[in-house]
$ cat final-v4.cif   # mmCIF, C-alpha atoms
data_structure
#
loop_
_atom_site.label_atom_id
_atom_site.label_comp_id
_atom_site.auth_asym_id
_atom_site.auth_seq_id
_atom_site.Cartn_x
_atom_site.Cartn_y
_atom_site.Cartn_z
CA MET A 1 222.94 202.06 25.76
CA ASN A 2 219.14 201.77 26.00
CA THR A 3 219.26 202.25 29.77
CA LEU A 4 221.28 205.47 29.61
CA ASP A 5 220.05 209.05 29.55
CA LYS A 6 218.70 209.89 26.11
CA ASN A 7 220.28 213.35 26.34
CA GLN A 8 223.78 212.02 26.98
CA ARG A 9 226.21 212.23 24.06
CA TYR A 10 228.03 209.17 22.74
CA LEU A 11 231.18 209.25 20.64
CA ILE A 12 230.80 207.79 17.15
CA HIS A 13 233.68 205.39 16.55
CA GLY A 14 236.01 206.57 13.78
CA PHE A 15 234.42 210.02 13.49
CA HIS A 16 234.85 213.28 15.40
CA TYR A 17 231.15 213.45 16.24
CA GLU A 18 228.94 212.67 19.21
CA ILE A 19 225.27 211.76 19.11
CA SER A 20 222.49 211.44 21.66
CA ARG A 21 219.54 209.06 21.55
CA ASN A 22 217.19 211.96 20.86
CA GLY A 23 218.97 212.57 17.55
CA GLU A 24 221.27 215.49 18.37
CA LEU A 25 224.60 215.24 16.53
CA TRP A 26 227.60 217.34 17.54
CA ASN A 27 230.94 217.96 15.84
CA THR A 28 233.50 217.45 18.62
CA ASN A 29 236.10 219.58 16.81
CA THR A 30 233.93 222.65 16.35
CA GLY A 31 231.24 222.07 18.98
CA ARG A 32 228.68 222.68 16.25
CA LEU A 33 225.24 221.06 16.34
CA ILE A 34 224.64 219.24 13.04
CA ARG A 35 221.10 219.26 11.74
CA PRO A 36 219.77 216.37 9.64
CA GLY A 37 219.28 216.97 5.93
CA SER A 38 215.97 217.19 4.11
CA ASP A 39 215.71 213.38 4.08
CA GLY A 40 216.42 213.06 7.81
CA ARG A 41 219.99 211.81 7.31
CA TYR A 42 223.13 213.33 8.78
CA LEU A 43 226.13 214.46 6.75
CA LEU A 44 229.44 213.56 8.43
CA ARG A 45 233.03 214.11 7.36
CA LYS A 46 235.83 211.62 7.91
CA GLN A 47 239.17 212.94 6.72
CA LYS A 48 238.48 213.95 3.09
CA HIS A 49 235.39 211.80 2.66
CA MET A 50 231.78 212.74 3.35
CA TYR A 51 229.16 210.25 4.49
CA ARG A 52 225.41 210.41 4.94
CA PHE A 53 223.94 208.23 7.68
CA THR A 54 220.50 207.65 9.13
CA LEU A 55 219.92 208.13 12.84
CA GLY A 56 219.36 204.39 13.16
CA ARG A 57 222.75 203.55 11.67
CA LEU A 58 224.53 206.02 13.94
CA LEU A 59 222.77 204.73 17.06
CA TYR A 60 223.49 201.13 16.07
CA ALA A 61 227.17 202.00 15.56
CA VAL A 62 227.39 203.64 18.98
CA GLU A 63 225.54 200.80 20.67
CA HIS A 64 227.91 198.18 19.21
CA GLU A 65 231.03 200.37 19.30
CA VAL A 66 231.72 200.12 15.57
CA SER A 67 232.22 202.69 12.84
CA PRO A 68 228.96 203.42 10.97
CA ASP A 69 230.68 203.13 7.58
CA SER A 70 231.76 199.57 8.41
CA ILE A 71 228.24 198.26 8.99
CA LYS A 72 227.13 195.83 6.30
CA GLY A 73 223.41 195.76 5.71
CA ILE A 74 220.53 198.10 6.45
CA VAL A 75 219.61 199.53 9.85
CA ILE A 76 215.96 200.30 10.53
CA MET A 77 214.29 201.82 13.57
CA THR A 78 211.60 199.75 15.26
CA GLU A 79 208.40 201.28 16.61
CA ASP A 80 210.01 201.55 20.06
CA SER A 81 212.93 203.50 18.50
CA LYS A 82 215.51 200.72 18.65
CA PRO A 83 218.03 200.31 15.80
CA VAL A 84 217.96 196.86 14.20
CA LEU A 85 220.41 195.58 11.59
CA MET A 86 218.98 193.63 8.67
CA THR A 87 220.57 192.02 5.64
CA ARG A 88 219.53 193.48 2.30
CA GLY A 89 217.75 190.23 1.51
CA ASP A 90 215.66 190.37 4.69
CA TYR A 91 215.00 194.06 4.13
CA CYS A 92 213.62 193.38 0.65
CA LYS A 93 211.45 190.52 1.90
CA LYS A 94 210.05 192.31 4.94
CA VAL A 95 209.92 195.92 3.79
CA ILE A 96 210.27 196.39 0.04
CA ILE A 97 208.23 193.47 -1.24
CA PRO A 98 204.64 194.01 -0.06
CA PHE A 99 203.17 190.91 -1.61
CA ARG A 100 204.50 187.36 -1.31
CA HIS A 101 203.63 184.20 -3.18
CA SER A 102 202.75 182.60 0.14
CA SER A 103 199.67 184.81 0.51
CA SER A 104 196.61 182.82 1.49
CA GLN A 105 193.59 182.37 -0.77
CA ARG A 106 191.62 184.63 1.54
CA ASP A 107 194.20 187.39 1.13
CA LEU A 108 194.12 187.04 -2.64
CA VAL A 109 190.34 187.24 -2.75
CA GLN A 110 190.39 190.35 -0.55
CA ARG A 111 192.98 192.01 -2.77
CA TYR A 112 190.95 191.34 -5.90
CA ARG A 113 187.78 192.66 -4.27
CA GLU A 114 189.60 195.81 -3.23
CA ALA A 115 190.94 196.20 -6.77
CA VAL A 116 187.38 195.94 -8.13
CA ARG A 117 186.20 198.58 -5.66
CA ILE A 118 188.99 200.95 -6.64
CA ALA A 119 188.24 200.38 -10.32
CA GLU A 120 184.60 201.36 -9.72
CA VAL A 121 185.72 204.49 -7.85
CA MET A 122 187.98 205.51 -10.73
CA ILE A 123 185.23 204.86 -13.29
CA ASP A 124 182.82 207.04 -11.29
CA PHE A 125 185.42 209.79 -11.18
CA TYR A 126 185.89 209.87 -14.94
CA GLU A 127 182.17 209.49 -15.67
CA LYS A 128 180.66 211.59 -12.87
CA SER A 129 183.63 213.68 -11.67
CA ASP A 130 183.33 212.29 -8.13
CA MET A 131 186.48 213.93 -6.80
CA GLU A 132 185.86 213.10 -3.14
CA GLU A 133 185.71 209.32 -3.55
CA MET A 134 188.69 209.26 -5.88
CA THR A 135 190.82 211.34 -3.52
CA SER A 136 189.77 209.24 -0.55
CA ALA A 137 190.92 206.08 -2.34
CA PHE A 138 194.49 207.37 -1.97
CA THR A 139 194.43 209.53 1.16
CA THR A 140 192.99 206.69 3.24
CA TYR A 141 196.49 205.16 3.19
CA GLU A 142 198.21 208.26 4.58
CA SER A 143 199.11 206.76 7.97
CA LYS A 144 200.34 203.50 6.44
CA ILE A 145 202.49 205.28 3.87
CA LYS A 146 203.99 207.55 6.51
CA GLY A 147 204.72 204.48 8.61
CA TYR A 148 206.37 202.87 5.59
CA MET A 149 208.68 205.88 5.20
CA TYR A 150 209.78 205.46 8.82
CA SER A 151 209.99 201.66 9.07
CA GLY A 152 211.56 201.42 5.62
CA GLY A 153 214.49 203.55 6.74
CA PHE A 154 213.81 206.38 4.32
CA THR A 155 213.77 209.00 7.08
CA ASN A 156 213.12 209.37 10.79
CA SER A 157 212.16 213.05 10.56
CA GLN A 158 208.45 213.75 10.98
CA ASP A 159 208.86 217.02 9.07
CA VAL A 160 210.41 215.19 6.13
CA ILE A 161 207.69 212.53 6.24
CA LYS A 162 205.00 215.21 6.18
CA GLU A 163 206.67 217.06 3.31
CA ALA A 164 207.16 213.84 1.34
CA TRP A 165 203.54 212.78 1.78
CA GLN A 166 202.21 216.16 0.64
CA SER A 167 204.43 216.08 -2.44
CA ILE A 168 203.54 212.48 -3.33
CA ILE A 169 199.78 212.77 -2.86
CA THR A 170 199.73 216.00 -4.88
CA ARG A 171 201.53 214.30 -7.76
CA VAL A 172 199.25 211.27 -7.62
CA ILE A 173 195.97 213.20 -7.56
CA SER A 174 197.22 215.48 -10.32
CA GLY A 175 198.20 212.44 -12.38
CA VAL A 176 194.71 210.98 -12.04
CA CYS A 177 193.02 214.27 -12.92
CA GLU A 178 195.26 214.73 -15.96
CA LYS A 179 194.58 211.13 -17.06
CA LYS A 180 198.27 210.26 -16.80
CA LEU A 181 197.91 207.65 -14.07
CA PHE A 182 196.24 204.24 -14.10
CA THR A 183 196.20 202.03 -11.02
CA ILE A 184 193.79 199.79 -9.14
CA ASP A 185 196.24 199.25 -6.29
CA PRO A 186 196.67 202.67 -4.59
CA TYR A 187 198.58 201.38 -1.57
CA ASN A 188 201.40 199.68 -3.45
CA TYR A 189 201.46 202.46 -6.03
CA LEU A 190 202.01 204.97 -3.22
CA ARG A 191 204.82 202.81 -1.84
CA ARG A 192 206.53 202.92 -5.24
CA CYS A 193 206.06 206.69 -5.23
CA VAL A 194 207.82 206.86 -1.86
CA ARG A 195 210.85 205.00 -3.23
CA SER A 196 210.93 207.21 -6.32
CA TYR A 197 210.59 210.37 -4.24
CA PHE A 198 213.55 209.60 -2.00
CA CYS A 199 215.65 208.46 -4.96
CA GLU A 200 215.02 211.85 -6.56
CA ARG A 201 216.02 213.62 -3.36
CA LYS A 202 219.21 211.56 -3.20
CA ARG A 203 220.14 212.49 -6.77
CA GLU A 204 219.52 216.15 -5.98
CA ARG A 205 221.85 215.99 -2.97
CA MET A 206 224.54 214.20 -4.95
CA ALA A 207 224.35 216.85 -7.65
CA LEU A 208 224.78 219.55 -5.02
CA VAL A 209 227.74 218.00 -3.21
CA GLY A 210 229.42 217.01 -6.46
CA THR A 211 229.42 220.42 -8.13
CA PRO A 212 232.72 221.78 -9.51
CA GLU A 213 232.49 224.66 -7.03
CA ARG A 214 232.45 222.18 -4.16
CA ARG A 215 235.42 220.25 -5.53
CA LYS A 216 237.44 223.43 -5.98
CA GLY A 217 236.80 224.38 -2.38
CA GLN A 218 234.72 227.44 -3.27
CA ILE A 219 231.91 226.16 -1.05
CA THR A 220 232.76 225.26 2.51
CA TYR A 221 231.58 222.17 4.34
CA ASP A 222 229.42 224.25 6.68
CA GLU A 223 227.82 226.03 3.73
CA ILE A 224 226.88 222.68 2.23
CA LEU A 225 225.25 221.66 5.50
CA GLU A 226 223.24 224.87 5.52
CA MET A 227 221.98 224.21 1.98
CA LEU A 228 220.86 220.64 2.72
#
$ encode --input "final-v4.cif" --output "structure tokens"
Amino acid sequence: MNTLDKNQRYLIHGFHYEISRNGELWNTNTGRLIRPGSDGRYLLRKQKHMYRFTLGRLLYAVEHEVSPDSIKGIVIMTEDSKPVLMTRGDYCKKVIIPFRHSSSQRDLVQRYREAVRIAEVMIDFYEKSDMEEMTSAFTTYESKIKGYMYSGGFTNSQDVIKEAWQSIITRVISGVCEKKLFTIDPYNYLRRCVRSYFCERKRERMALVGTPERRKGQITYDEILEML
């Protein structure tokens, strides 16, 4: 599949949808172009069931000619935009868990030194109101956190990544200013914020799709797609 035209559509096994490598999803019954939701995932219907898949999972399914709902594990997109299947154990080790017991002594020393530096920055903020240094302690990780959103399989949409970062950094800086947040490890704290943010978005979507109006058929499938 990697050698084919990225604009060509490929049928998704078990679903009446086609997808191209550039992320365009089409309903083959209606001819309608399906846009990804606010988290970058696509909402697909199969008989009476609705599924939400990442672009990576759909491309992996097409590439291996399997149904996306039959894939066991987690599919992530590599930096060269290739879908790779990982077990949940490997995913946790390589993506979720940022710090391993096998870290070298040099790494540990560097982490402690960085923690001391951050502590001094936070002390200066509360004693001298040095807003610039405090803010920089978090915003310096912007590119890494955005990369984590992508490589971690949270979303492949740059618009969603930008929106998520703006929301997260606003919450974090506000928490520091309001004395509600204590951390000397901004990077890993921001990673936890990413996981919390997308969990919140998932709960919001589930609440929307699971409303009584939806179950009674008062809201159509297309209307749900428009709201997401």
$ resolve_selection --input "final-v4.cif" --expression "the PyMOL selection byres ((chain A and resi 52) around 8)" --output "PDB file with C-alpha atoms, keeping the file's coordinate frame"
ATOM      1  CA  ARG A  41     219.990 211.810   7.310  1.00  0.00           C
ATOM      2  CA  TYR A  42     223.130 213.330   8.780  1.00  0.00           C
ATOM      3  CA  LEU A  43     226.130 214.460   6.750  1.00  0.00           C
ATOM      4  CA  LEU A  44     229.440 213.560   8.430  1.00  0.00           C
ATOM      5  CA  MET A  50     231.780 212.740   3.350  1.00  0.00           C
ATOM      6  CA  TYR A  51     229.160 210.250   4.490  1.00  0.00           C
ATOM      7  CA  PHE A  53     223.940 208.230   7.680  1.00  0.00           C
ATOM      8  CA  THR A  54     220.500 207.650   9.130  1.00  0.00           C
TER       9      THR A  54
END
$ residues_around --input "final-v4.cif" --residues "Tyr112 (chain A)" --least-positions-apart "6" --cutoff "10 Å" --atoms "all atoms listed in the file" --output "ChimeraX atom specification"
/A:118,184-185
$ resolve_selection --input "final-v4.cif" --expression "the PyMOL selection byres ((chain A and resi 154) around 9)" --output "PyMOL selection string"
chain A and resi 39-41+54+76+148-153+155-156+161+194-195+198
$ residues_around --input "final-v4.cif" --residues "Gly73 (chain A)" --least-positions-apart "5" --cutoff "8 Å" --atoms "all atoms listed in the file" --output "NGL selection string"
:A and (85-88)
$ residues_near_point --input "final-v4.cif" --point "(228.0, 201.3, 20.3)" --cutoff "12 Å" --atoms "only C-alpha atoms" --output "PyMOL selection string"
chain A and resi 1-2+9-14+18-21+56-68+71+83
$ resolve_selection --input "final-v4.cif" --expression "the PyMOL selection byres ((chain A and resi 17) around 6)" --output "PDB file with C-alpha atoms, in the coordinates of the input"
ATOM      1  CA  ILE A  12     230.800 207.790  17.150  1.00  0.00           C
ATOM      2  CA  PHE A  15     234.420 210.020  13.490  1.00  0.00           C
ATOM      3  CA  HIS A  16     234.850 213.280  15.400  1.00  0.00           C
ATOM      4  CA  GLU A  18     228.940 212.670  19.210  1.00  0.00           C
ATOM      5  CA  TRP A  26     227.600 217.340  17.540  1.00  0.00           C
ATOM      6  CA  ASN A  27     230.940 217.960  15.840  1.00  0.00           C
ATOM      7  CA  THR A  28     233.500 217.450  18.620  1.00  0.00           C
TER       8      THR A  28
END
$ atom_distance --input "final-v4.cif" --atom1 "CA of Leu25 (chain A)" --atom2 "CA of Glu204 (chain A)"
23.1 Å
$ atom_distance --input "final-v4.cif" --atom1 "CA of Glu79 (chain A)" --atom2 "CA of Asn22 (chain A)"
14.5 Å
$ residues_around --input "final-v4.cif" --residues "region 119-132 of chain A" --least-positions-apart "2" --cutoff "12 Å" --atoms "only C-alpha atoms" --output "list of chain:residue names"
A:Tyr112, A:Arg113, A:Glu114, A:Ala115, A:Val116, A:Arg117, A:Met134, A:Thr135, A:Ser136, A:Ala137, A:Phe138, A:Thr139, A:Thr140, A:Ile173, A:Ser174, A:Val176, A:Cys177, A:Glu178, A:Lys179, A:Leu181, A:Phe182, A:Thr183, A:Ile184, A:Asp185, A:Pro186
$ atom_distance --input "final-v4.cif" --atom1 "CA of Glu142 (chain A)" --atom2 "CA of Lys162 (chain A)"
9.8 Å
